[in-house]
file coords_14.cif (mmCIF, C-alpha atoms; chains and numbers go by the auth columns)
data_input
loop_
_atom_site.group_PDB
_atom_site.id
_atom_site.type_symbol
_atom_site.label_atom_id
_atom_site.label_comp_id
_atom_site.label_asym_id
_atom_site.label_seq_id
_atom_site.Cartn_x
_atom_site.Cartn_y
_atom_site.Cartn_z
_atom_site.B_iso_or_equiv
_atom_site.auth_seq_id
_atom_site.auth_asym_id
ATOM 1 C CA ILE A 1 8.899 -49.824 -32.534 0.00 1 A
ATOM 2 C CA VAL A 2 11.729 -50.395 -35.037 0.00 2 A
ATOM 3 C CA TRP A 3 9.728 -48.767 -37.818 0.00 3 A
ATOM 4 C CA LYS A 4 8.969 -45.801 -35.588 0.00 4 A
ATOM 5 C CA LYS A 5 12.690 -45.333 -34.923 0.00 5 A
ATOM 6 C CA ILE A 6 13.454 -45.540 -38.638 0.00 6 A
ATOM 7 C CA PHE A 7 10.709 -43.015 -39.439 0.00 7 A
ATOM 8 C CA PHE A 8 11.966 -40.650 -36.745 0.00 8 A
ATOM 9 C CA SER A 9 15.549 -40.922 -38.077 0.00 9 A
ATOM 10 C CA ILE A 10 14.412 -40.123 -41.611 0.00 10 A
ATOM 11 C CA SER A 11 12.306 -37.186 -40.416 0.00 11 A
ATOM 12 C CA LEU A 12 15.200 -35.865 -38.355 0.00 12 A
ATOM 13 C CA PHE A 13 17.493 -36.076 -41.381 0.00 13 A
ATOM 14 C CA PHE A 14 15.179 -33.841 -43.394 0.00 14 A
ATOM 15 C CA HIS A 15 14.795 -31.478 -40.437 0.00 15 A
ATOM 16 C CA ILE A 16 18.591 -31.082 -40.305 0.00 16 A
ATOM 17 C CA GLN A 17 18.638 -30.280 -44.031 0.00 17 A
ATOM 18 C CA ASN A 18 16.199 -27.493 -43.256 0.00 18 A
ATOM 19 C CA PHE A 19 18.519 -26.317 -40.497 0.00 19 A
ATOM 20 C CA LYS A 20 21.240 -25.755 -43.076 0.00 20 A
ATOM 21 C CA HIS A 21 18.971 -23.223 -44.748 0.00 21 A
ATOM 22 C CA VAL A 22 18.305 -21.501 -41.445 0.00 22 A
ATOM 23 C CA PHE A 23 22.010 -21.511 -40.623 0.00 23 A
ATOM 24 C CA LYS A 24 22.739 -19.318 -43.646 0.00 24 A
ATOM 25 C CA LYS A 25 20.796 -16.545 -41.945 0.00 25 A
ATOM 26 C CA LEU A 26 23.335 -16.469 -39.135 0.00 26 A
ATOM 27 C CA ASN A 27 26.265 -15.169 -41.164 0.00 27 A
ATOM 28 C CA ARG A 28 27.317 -11.559 -40.747 0.00 28 A
ATOM 29 C CA ASN A 29 25.828 -10.237 -44.001 0.00 29 A
ATOM 30 C CA ASN A 30 22.426 -11.882 -43.724 0.00 30 A
ATOM 31 C CA PHE A 31 22.200 -11.067 -40.036 0.00 31 A
ATOM 32 C CA LYS A 32 21.476 -7.429 -40.851 0.00 32 A
ATOM 33 C CA ILE A 33 18.949 -8.453 -43.506 0.00 33 A
ATOM 34 C CA PHE A 34 17.188 -10.722 -41.019 0.00 34 A
ATOM 35 C CA PHE A 35 17.072 -7.864 -38.523 0.00 35 A
ATOM 36 C CA GLU A 36 15.460 -5.574 -41.087 0.00 36 A
ATOM 37 C CA GLN A 37 12.319 -7.745 -40.969 0.00 37 A
ATOM 38 C CA TYR A 38 11.819 -6.521 -37.419 0.00 38 A
ATOM 39 C CA ARG A 39 12.441 -2.875 -38.163 0.00 39 A
ATOM 40 C CA MET A 40 8.953 -2.519 -39.569 0.00 40 A
ATOM 41 C CA ASN A 41 6.518 -0.619 -37.386 0.00 41 A
ATOM 42 C CA PRO A 42 5.427 -3.088 -34.660 0.00 42 A
ATOM 43 C CA TYR A 43 2.268 -1.024 -34.187 0.00 43 A
ATOM 44 C CA ASP A 44 1.092 -1.360 -37.800 0.00 44 A
ATOM 45 C CA SER A 45 -2.646 -1.967 -37.708 0.00 45 A
ATOM 46 C CA THR A 46 -2.211 -5.175 -39.718 0.00 46 A
ATOM 47 C CA LYS A 47 0.151 -6.611 -37.088 0.00 47 A
ATOM 48 C CA THR A 48 -1.150 -5.115 -33.870 0.00 48 A
ATOM 49 C CA SER A 49 -3.342 -7.260 -31.660 0.00 49 A
ATOM 50 C CA SER A 50 -6.779 -5.966 -30.836 0.00 50 A
ATOM 51 C CA SER A 51 -5.858 -5.836 -27.152 0.00 51 A
ATOM 52 C CA MET A 52 -2.895 -3.583 -27.894 0.00 52 A
ATOM 53 C CA GLN A 53 -5.033 -1.365 -30.119 0.00 53 A
ATOM 54 C CA GLU A 54 -7.530 -1.023 -27.313 0.00 54 A
ATOM 55 C CA LYS A 55 -4.731 -0.191 -24.887 0.00 55 A
ATOM 56 C CA MET A 56 -3.414 2.517 -27.200 0.00 56 A
ATOM 57 C CA GLU A 57 -6.838 3.963 -27.969 0.00 57 A
ATOM 58 C CA LEU A 58 -7.361 7.661 -27.249 0.00 58 A
ATOM 59 C CA ASN A 59 -10.873 8.740 -26.422 0.00 59 A
ATOM 60 C CA ASP A 60 -10.516 12.446 -25.744 0.00 60 A
ATOM 61 C CA CYS A 61 -7.142 13.505 -27.111 0.00 61 A
ATOM 62 C CA ASP A 62 -6.780 16.191 -29.761 0.00 62 A
ATOM 63 C CA ASN A 63 -4.027 15.197 -32.208 0.00 63 A
ATOM 64 C CA ASN A 64 -2.366 18.597 -31.860 0.00 64 A
ATOM 65 C CA ILE A 65 -2.346 18.781 -28.070 0.00 65 A
ATOM 66 C CA PRO A 66 0.799 17.492 -26.334 0.00 66 A
ATOM 67 C CA ILE A 67 0.235 14.838 -23.693 0.00 67 A
ATOM 68 C CA PHE A 68 2.089 16.696 -20.963 0.00 68 A
ATOM 69 C CA GLN A 69 0.653 19.454 -18.840 0.00 69 A
ATOM 70 C CA GLU A 70 2.125 22.891 -19.385 0.00 70 A
ATOM 71 C CA ASN A 71 4.711 23.064 -16.619 0.00 71 A
ATOM 72 C CA ILE A 72 6.306 19.633 -17.090 0.00 72 A
ATOM 73 C CA ASN A 73 9.952 19.759 -18.126 0.00 73 A
ATOM 74 C CA ILE A 74 10.783 16.779 -20.341 0.00 74 A
ATOM 75 C CA LYS A 75 14.343 16.660 -18.992 0.00 75 A
ATOM 76 C CA ASN A 76 12.982 16.154 -15.491 0.00 76 A
ATOM 77 C CA HIS A 77 10.309 13.623 -16.369 0.00 77 A
ATOM 78 C CA LYS A 78 11.597 11.110 -13.816 0.00 78 A
ATOM 79 C CA THR A 79 10.517 13.219 -10.845 0.00 79 A
ATOM 80 C CA GLU A 80 7.559 12.182 -8.732 0.00 80 A
ATOM 81 C CA GLU A 81 5.688 15.340 -9.721 0.00 81 A
ATOM 82 C CA SER A 82 6.083 14.464 -13.390 0.00 82 A
ATOM 83 C CA LYS A 83 4.992 10.862 -12.868 0.00 83 A
ATOM 84 C CA ASP A 84 1.705 12.009 -11.404 0.00 84 A
ATOM 85 C CA LYS A 85 0.942 14.151 -14.462 0.00 85 A
ATOM 86 C CA ILE A 86 1.811 11.734 -17.263 0.00 86 A
ATOM 87 C CA ASP A 87 -0.719 9.503 -18.984 0.00 87 A
ATOM 88 C CA ILE A 88 1.590 6.810 -20.335 0.00 88 A
ATOM 89 C CA ASN A 89 -0.844 5.384 -22.884 0.00 89 A
ATOM 90 C CA LYS A 90 -1.590 8.825 -24.309 0.00 90 A
ATOM 91 C CA THR A 91 2.122 9.567 -24.423 0.00 91 A
ATOM 92 C CA LEU A 92 2.704 6.427 -26.494 0.00 92 A
ATOM 93 C CA LYS A 93 -0.205 7.236 -28.771 0.00 93 A
ATOM 94 C CA TYR A 94 1.058 10.765 -29.359 0.00 94 A
ATOM 95 C CA ALA A 95 4.574 9.471 -30.023 0.00 95 A
ATOM 96 C CA MET A 96 3.202 7.090 -32.651 0.00 96 A
ATOM 97 C CA LYS A 97 1.319 9.917 -34.339 0.00 97 A
ATOM 98 C CA LEU A 98 4.504 11.991 -34.464 0.00 98 A
ATOM 99 C CA TYR A 99 6.549 9.061 -35.735 0.00 99 A
ATOM 100 C CA ASN A 100 4.100 8.160 -38.520 0.00 100 A
ATOM 101 C CA GLY A 101 2.824 11.655 -39.313 0.00 101 A
ATOM 102 C CA ASP A 102 -0.656 10.443 -38.490 0.00 102 A
ATOM 103 C CA GLY A 103 -2.848 13.552 -38.564 0.00 103 A
ATOM 104 C CA ILE A 104 0.063 15.791 -37.540 0.00 104 A
ATOM 105 C CA PRO A 105 3.414 16.664 -39.169 0.00 105 A
ATOM 106 C CA MET A 106 5.907 13.813 -38.972 0.00 106 A
ATOM 107 C CA ASP A 107 8.698 14.448 -36.477 0.00 107 A
ATOM 108 C CA LYS A 108 10.593 11.282 -35.585 0.00 108 A
ATOM 109 C CA TYR A 109 13.117 13.079 -33.427 0.00 109 A
ATOM 110 C CA GLU A 110 10.377 14.585 -31.275 0.00 110 A
ATOM 111 C CA ALA A 111 8.641 11.204 -31.237 0.00 111 A
ATOM 112 C CA SER A 112 11.780 9.609 -29.817 0.00 112 A
ATOM 113 C CA LYS A 113 11.552 11.900 -26.773 0.00 113 A
ATOM 114 C CA TYR A 114 8.012 10.780 -26.044 0.00 114 A
ATOM 115 C CA PHE A 115 8.855 7.118 -26.616 0.00 115 A
ATOM 116 C CA LYS A 116 11.688 7.450 -24.115 0.00 116 A
ATOM 117 C CA ILE A 117 9.492 9.150 -21.538 0.00 117 A
ATOM 118 C CA ALA A 118 6.817 6.455 -21.770 0.00 118 A
ATOM 119 C CA ALA A 119 9.504 3.752 -21.775 0.00 119 A
ATOM 120 C CA ASP A 120 11.189 5.151 -18.678 0.00 120 A
ATOM 121 C CA HIS A 121 7.814 5.101 -16.968 0.00 121 A
ATOM 122 C CA GLY A 122 7.370 1.386 -17.600 0.00 122 A
ATOM 123 C CA GLU A 123 5.408 1.203 -20.865 0.00 123 A
ATOM 124 C CA PRO A 124 6.697 -1.958 -22.675 0.00 124 A
ATOM 125 C CA ASN A 125 5.663 -1.061 -26.240 0.00 125 A
ATOM 126 C CA SER A 126 7.476 2.267 -25.890 0.00 126 A
ATOM 127 C CA MET A 127 10.551 0.409 -24.615 0.00 127 A
ATOM 128 C CA MET A 128 10.465 -1.700 -27.761 0.00 128 A
ATOM 129 C CA LYS A 129 9.986 1.241 -30.128 0.00 129 A
ATOM 130 C CA TYR A 130 12.652 3.389 -28.479 0.00 130 A
ATOM 131 C CA GLY A 131 14.985 0.386 -28.492 0.00 131 A
ATOM 132 C CA LEU A 132 14.434 0.011 -32.241 0.00 132 A
ATOM 133 C CA MET A 133 15.295 3.656 -32.833 0.00 133 A
ATOM 134 C CA LEU A 134 18.491 3.285 -30.807 0.00 134 A
ATOM 135 C CA ASN A 135 19.377 -0.002 -32.468 0.00 135 A
ATOM 136 C CA TYR A 136 19.135 1.366 -35.999 0.00 136 A
ATOM 137 C CA GLY A 137 20.148 4.966 -35.351 0.00 137 A
ATOM 138 C CA ASP A 138 16.712 6.025 -36.554 0.00 138 A
ATOM 139 C CA VAL A 139 17.048 9.864 -36.394 0.00 139 A
ATOM 140 C CA ILE A 140 18.830 9.517 -33.045 0.00 140 A
ATOM 141 C CA PRO A 141 22.428 8.343 -32.488 0.00 141 A
ATOM 142 C CA GLU A 142 22.865 4.581 -32.748 0.00 142 A
ATOM 143 C CA ASP A 143 23.486 3.054 -29.328 0.00 143 A
ATOM 144 C CA LYS A 144 23.410 -0.740 -29.326 0.00 144 A
ATOM 145 C CA GLU A 145 24.095 -1.079 -25.613 0.00 145 A
ATOM 146 C CA SER A 146 21.191 1.175 -24.670 0.00 146 A
ATOM 147 C CA ALA A 147 18.986 -0.506 -27.292 0.00 147 A
ATOM 148 C CA PHE A 148 19.636 -3.863 -25.656 0.00 148 A
ATOM 149 C CA LYS A 149 18.789 -2.381 -22.270 0.00 149 A
ATOM 150 C CA TYR A 150 15.383 -1.258 -23.520 0.00 150 A
ATOM 151 C CA PHE A 151 14.745 -4.556 -25.332 0.00 151 A
ATOM 152 C CA ARG A 152 15.549 -6.419 -22.119 0.00 152 A
ATOM 153 C CA MET A 153 13.265 -4.150 -20.088 0.00 153 A
ATOM 154 C CA ALA A 154 10.486 -4.717 -22.622 0.00 154 A
ATOM 155 C CA SER A 155 11.029 -8.475 -22.404 0.00 155 A
ATOM 156 C CA GLU A 156 10.721 -8.350 -18.633 0.00 156 A
ATOM 157 C CA LYS A 157 7.413 -6.522 -19.109 0.00 157 A
ATOM 158 C CA GLY A 158 6.099 -9.218 -21.444 0.00 158 A
ATOM 159 C CA GLU A 159 6.673 -7.572 -24.835 0.00 159 A
ATOM 160 C CA ILE A 160 7.150 -10.650 -27.042 0.00 160 A
ATOM 161 C CA SER A 161 9.131 -9.395 -30.051 0.00 161 A
ATOM 162 C CA SER A 162 11.794 -7.858 -27.811 0.00 162 A
ATOM 163 C CA ASN A 163 12.939 -11.373 -26.886 0.00 163 A
ATOM 164 C CA LEU A 164 14.049 -12.024 -30.448 0.00 164 A
ATOM 165 C CA TYR A 165 16.082 -8.813 -30.530 0.00 165 A
ATOM 166 C CA CYS A 166 17.761 -9.686 -27.247 0.00 166 A
ATOM 167 C CA ALA A 167 18.534 -13.161 -28.558 0.00 167 A
ATOM 168 C CA MET A 168 19.981 -11.980 -31.885 0.00 168 A
ATOM 169 C CA MET A 169 22.138 -9.284 -30.293 0.00 169 A
ATOM 170 C CA LEU A 170 23.511 -11.704 -27.705 0.00 170 A
ATOM 171 C CA TYR A 171 24.143 -14.407 -30.280 0.00 171 A
ATOM 172 C CA LYS A 172 26.262 -12.200 -32.538 0.00 172 A
ATOM 173 C CA GLY A 173 27.664 -9.877 -29.886 0.00 173 A
ATOM 174 C CA ASP A 174 26.032 -7.005 -31.757 0.00 174 A
ATOM 175 C CA GLY A 175 27.184 -4.015 -29.724 0.00 175 A
ATOM 176 C CA ILE A 176 27.168 -6.053 -26.514 0.00 176 A
ATOM 177 C CA PRO A 177 29.247 -8.998 -25.240 0.00 177 A
ATOM 178 C CA GLU A 178 28.442 -12.271 -26.988 0.00 178 A
ATOM 179 C CA ASP A 179 26.580 -14.708 -24.750 0.00 179 A
ATOM 180 C CA LYS A 180 25.227 -17.823 -26.465 0.00 180 A
ATOM 181 C CA GLU A 181 23.677 -19.209 -23.285 0.00 181 A
ATOM 182 C CA MET A 182 21.608 -16.093 -22.651 0.00 182 A
ATOM 183 C CA SER A 183 20.837 -15.891 -26.361 0.00 183 A
ATOM 184 C CA ALA A 184 19.324 -19.375 -26.180 0.00 184 A
ATOM 185 C CA HIS A 185 17.274 -18.261 -23.179 0.00 185 A
ATOM 186 C CA TYR A 186 15.713 -15.409 -25.157 0.00 186 A
ATOM 187 C CA PHE A 187 15.252 -17.491 -28.312 0.00 187 A
ATOM 188 C CA LYS A 188 13.360 -20.074 -26.259 0.00 188 A
ATOM 189 C CA LYS A 189 11.311 -17.374 -24.588 0.00 189 A
ATOM 190 C CA ALA A 190 10.283 -15.992 -27.990 0.00 190 A
ATOM 191 C CA ALA A 191 9.776 -19.477 -29.437 0.00 191 A
ATOM 192 C CA ASP A 192 7.468 -20.427 -26.580 0.00 192 A
ATOM 193 C CA CYS A 193 5.427 -17.346 -27.498 0.00 193 A
ATOM 194 C CA ARG A 194 5.064 -18.875 -30.990 0.00 194 A
ATOM 195 C CA ASN A 195 7.560 -16.683 -32.844 0.00 195 A
ATOM 196 C CA VAL A 196 8.449 -18.775 -35.901 0.00 196 A
ATOM 197 C CA GLN A 197 11.928 -17.311 -36.481 0.00 197 A
ATOM 198 C CA ALA A 198 12.801 -17.924 -32.844 0.00 198 A
ATOM 199 C CA MET A 199 11.583 -21.522 -33.155 0.00 199 A
ATOM 200 C CA GLN A 200 13.952 -22.045 -36.089 0.00 200 A
ATOM 201 C CA PHE A 201 16.975 -20.476 -34.424 0.00 201 A
ATOM 202 C CA TYR A 202 16.410 -22.209 -31.106 0.00 202 A
ATOM 203 C CA ALA A 203 16.009 -25.543 -32.883 0.00 203 A
ATOM 204 C CA LEU A 204 19.299 -24.921 -34.686 0.00 204 A
ATOM 205 C CA MET A 205 21.019 -24.249 -31.382 0.00 205 A
ATOM 206 C CA LEU A 206 19.571 -27.457 -29.956 0.00 206 A
ATOM 207 C CA VAL A 207 20.840 -29.458 -32.926 0.00 207 A
ATOM 208 C CA SER A 208 24.380 -28.090 -32.708 0.00 208 A
ATOM 209 C CA GLY A 209 24.537 -27.792 -28.911 0.00 209 A
ATOM 210 C CA ASP A 210 25.279 -24.106 -29.376 0.00 210 A
ATOM 211 C CA GLY A 211 24.669 -22.362 -26.059 0.00 211 A
ATOM 212 C CA VAL A 212 22.460 -25.225 -24.869 0.00 212 A
ATOM 213 C CA ASP A 213 22.787 -28.957 -24.371 0.00 213 A
ATOM 214 C CA GLN A 214 22.280 -30.829 -27.631 0.00 214 A
ATOM 215 C CA ASN A 215 18.755 -32.198 -27.848 0.00 215 A
ATOM 216 C CA LEU A 216 17.615 -33.448 -31.254 0.00 216 A
ATOM 217 C CA LYS A 217 14.205 -34.528 -30.018 0.00 217 A
ATOM 218 C CA GLU A 218 13.404 -31.090 -28.622 0.00 218 A
ATOM 219 C CA ALA A 219 14.772 -29.473 -31.789 0.00 219 A
ATOM 220 C CA SER A 220 12.393 -31.580 -33.847 0.00 220 A
ATOM 221 C CA CYS A 221 9.504 -30.461 -31.647 0.00 221 A
ATOM 222 C CA TYR A 222 10.302 -26.778 -32.236 0.00 222 A
ATOM 223 C CA LEU A 223 10.544 -27.354 -35.979 0.00 223 A
ATOM 224 C CA LYS A 224 7.132 -29.013 -35.888 0.00 224 A
ATOM 225 C CA MET A 225 5.783 -26.016 -33.976 0.00 225 A
ATOM 226 C CA ALA A 226 7.164 -23.732 -36.690 0.00 226 A
ATOM 227 C CA ALA A 227 5.547 -25.886 -39.364 0.00 227 A
ATOM 228 C CA ASP A 228 2.249 -25.762 -37.487 0.00 228 A
ATOM 229 C CA GLU A 229 2.496 -21.965 -37.584 0.00 229 A
ATOM 230 C CA GLY A 230 2.664 -22.128 -41.368 0.00 230 A
ATOM 231 C CA ASP A 231 6.411 -22.006 -42.017 0.00 231 A
ATOM 232 C CA ILE A 232 6.681 -23.994 -45.247 0.00 232 A
ATOM 233 C CA GLU A 233 10.471 -24.340 -44.967 0.00 233 A
ATOM 234 C CA CYS A 234 10.082 -26.435 -41.808 0.00 234 A
ATOM 235 C CA ILE A 235 7.516 -28.833 -43.252 0.00 235 A
ATOM 236 C CA VAL A 236 9.032 -32.184 -44.228 0.00 236 A
#
call {"tool": "encode", "arguments": {"input": "coords_14.cif", "output": "structure tokens"}}
result
Amino acid sequence: IVWKKIFFSISLFFHIQNFKHVFKKLNRNNFKIFFEQYRMNPYDSTKTSSSMQEKMELNDCDNNIPIFQENINIKNHKTEESKDKIDINKTLKYAMKLYNGDGIPMDKYEASKYFKIAADHGEPNSMMKYGLMLNYGDVIPEDKESAFKYFRMASEKGEISSNLYCAMMLYKGDGIPEDKEMSAHYFKKAADCRNVQAMQFYALMLVSGDGVDQNLKEASCYLKMAADEGDIECIV
């Protein structure tokens, strides 16, 4: 038992050294750099799960034909009449084609309209994408508060990566009031979905008691989870 305690203490020491590396990512300058990793297209075929690809698949949609029926006014898309005429999955697919210039001329501004429509009708991947555009001012005016709203909506719908955005924005007070406790909630939510960066940040918060009760044992567990996912920096 004594040797086990000694081994655990030594392991924890090295884990904390790794935390120092993670902590550097939390300063103001590197925060933006860290965020840039998540600006990449979340629907890239190399990162998109097969289930999501199947969900977004279009069987009978011409690339050049808008998703909406002729008489639908985009400004009034929240009406019951409009809801009945919108195919949300096709709307998302068309928005992605516009955003990436996939088979049709690229038009990110027009894509943002379709992302918003699908998002406002409950499509979580569209919430995430529209939130990203708002967060970075990607061809539309930057609006951090609205971006957080869409990230939070996406999180509530089960979109995993949105949890990390919610957590980071809350942690730094990035355009919204700082809230370390809620930040920890979203970091844990993302970590429990096996997001390695979230595992690292949540473990750091557990070590320092930042927004959560200090718990070195639980922090060590999350670092081990990160190592199991292939994060070399967390492997002792």
call {"tool": "closest_residue", "arguments": {"input": "coords_14.cif", "among": "A:Asp138, A:Gly209, A:Leu204, A:Asn195", "to": "Glu181 in chain A", "atoms": "only C-alpha atoms"}}
result
A:Gly209
call {"tool": "closest_residue", "arguments": {"input": "coords_14.cif", "among": "A:Tyr186, A:Tyr109, A:Tyr222, A:Tyr136", "to": "Glu156 in chain A", "atoms": "only C-alpha atoms"}}
result
A:Tyr186
call {"tool": "residues_around", "arguments": {"input": "coords_14.cif", "residues": "Met199 in chain A", "least_positions_apart": "6", "cutoff": "7 Å", "atoms": "only C-alpha atoms", "output": "number ranges by chain"}}
result
A: 191, 222-223, 226
call {"tool": "closest_residue", "arguments": {"input": "coords_14.cif", "among": "A:Ala219, A:Cys193, A:Asn135, A:Phe201", "to": "Ala167 in chain A", "atoms": "only C-alpha atoms"}}
result
A:Phe201
call {"tool": "resolve_selection", "arguments": {"input": "coords_14.cif", "expression": "the PyMOL selection byres ((chain A and resi 187) around 12)", "output": "PDB file with C-alpha atoms, in the frame of the given file"}}
result
ATOM      1  CA  SER A 155      11.029  -8.475 -22.404  1.00  0.00           C
ATOM      2  CA  ILE A 160       7.150 -10.650 -27.042  1.00  0.00           C
ATOM      3  CA  SER A 161       9.131  -9.395 -30.051  1.00  0.00           C
ATOM      4  CA  SER A 162      11.794  -7.858 -27.811  1.00  0.00           C
ATOM      5  CA  ASN A 163      12.939 -11.373 -26.886  1.00  0.00           C
ATOM      6  CA  LEU A 164      14.049 -12.024 -30.448  1.00  0.00           C
ATOM      7  CA  TYR A 165      16.082  -8.813 -30.530  1.00  0.00           C
ATOM      8  CA  CYS A 166      17.761  -9.686 -27.247  1.00  0.00           C
ATOM      9  CA  ALA A 167      18.534 -13.161 -28.558  1.00  0.00           C
ATOM     10  CA  MET A 168      19.981 -11.980 -31.885  1.00  0.00           C
ATOM     11  CA  MET A 169      22.138  -9.284 -30.293  1.00  0.00           C
ATOM     12  CA  LEU A 170      23.511 -11.704 -27.705  1.00  0.00           C
ATOM     13  CA  TYR A 171      24.143 -14.407 -30.280  1.00  0.00           C
ATOM     14  CA  LYS A 180      25.227 -17.823 -26.465  1.00  0.00           C
ATOM     15  CA  GLU A 181      23.677 -19.209 -23.285  1.00  0.00           C
ATOM     16  CA  MET A 182      21.608 -16.093 -22.651  1.00  0.00           C
ATOM     17  CA  SER A 183      20.837 -15.891 -26.361  1.00  0.00           C
ATOM     18  CA  ALA A 184      19.324 -19.375 -26.180  1.00  0.00           C
ATOM     19  CA  HIS A 185      17.274 -18.261 -23.179  1.00  0.00           C
ATOM     20  CA  TYR A 186      15.713 -15.409 -25.157  1.00  0.00           C
ATOM     21  CA  LYS A 188      13.360 -20.074 -26.259  1.00  0.00           C
ATOM     22  CA  LYS A 189      11.311 -17.374 -24.588  1.00  0.00           C
ATOM     23  CA  ALA A 190      10.283 -15.992 -27.990  1.00  0.00           C
ATOM     24  CA  ALA A 191       9.776 -19.477 -29.437  1.00  0.00           C
ATOM     25  CA  ASP A 192       7.468 -20.427 -26.580  1.00  0.00           C
ATOM     26  CA  CYS A 193       5.427 -17.346 -27.498  1.00  0.00           C
ATOM     27  CA  ARG A 194       5.064 -18.875 -30.990  1.00  0.00           C
ATOM     28  CA  ASN A 195       7.560 -16.683 -32.844  1.00  0.00           C
ATOM     29  CA  VAL A 196       8.449 -18.775 -35.901  1.00  0.00           C
ATOM     30  CA  GLN A 197      11.928 -17.311 -36.481  1.00  0.00           C
ATOM     31  CA  ALA A 198      12.801 -17.924 -32.844  1.00  0.00           C
ATOM     32  CA  MET A 199      11.583 -21.522 -33.155  1.00  0.00           C
ATOM     33  CA  GLN A 200      13.952 -22.045 -36.089  1.00  0.00           C
ATOM     34  CA  PHE A 201      16.975 -20.476 -34.424  1.00  0.00           C
ATOM     35  CA  TYR A 202      16.410 -22.209 -31.106  1.00  0.00           C
ATOM     36  CA  ALA A 203      16.009 -25.543 -32.883  1.00  0.00           C
ATOM     37  CA  LEU A 204      19.299 -24.921 -34.686  1.00  0.00           C
ATOM     38  CA  MET A 205      21.019 -24.249 -31.382  1.00  0.00           C
ATOM     39  CA  LEU A 206      19.571 -27.457 -29.956  1.00  0.00           C
ATOM     40  CA  GLY A 211      24.669 -22.362 -26.059  1.00  0.00           C
ATOM     41  CA  VAL A 212      22.460 -25.225 -24.869  1.00  0.00           C
ATOM     42  CA  TYR A 222      10.302 -26.778 -32.236  1.00  0.00           C
TER      43      TYR A 222
END
call {"tool": "resolve_selection", "arguments": {"input": "coords_14.cif", "expression": "the PyMOL selection byres ((chain A and resi 96) around 10)", "output": "PyMOL selection string"}}
result
chain A and resi 41+43+56+90-95+97-102+106-108+111-112+114-115+126+129
call {"tool": "atom_distance", "arguments": {"input": "coords_14.cif", "atom1": "CA of Gly175 in chain A", "atom2": "CA of Asp120 in chain A"}}
result
21.5 Å
call {"tool": "axis_aligned_box", "arguments": {"input": "coords_14.cif", "around": "range 109-122 of chain A", "padding_each_side": "6 Å", "output": "AutoDock Vina command-line options"}}
result
--center_x 10.0 --center_y 8.0 --center_z -25.2 --size_x 18.3 --size_y 25.2 --size_z 28.5
call {"tool": "atom_distance", "arguments": {"input": "coords_14.cif", "atom1": "CA of Asp174 in chain A", "atom2": "CA of Ser146 in chain A"}}
result
11.9 Å
call {"tool": "closest_residue", "arguments": {"input": "coords_14.cif", "among": "A:Ala154, A:Leu134, A:Ala147, A:Ile176", "to": "Ala118 in chain A", "atoms": "all atoms listed in the file"}}
result
A:Ala154
call {"tool": "atom_distance", "arguments": {"input": "coords_14.cif", "atom1": "CA of Ile88 in chain A", "atom2": "CA of Gly158 in chain A"}}
result
16.7 Å
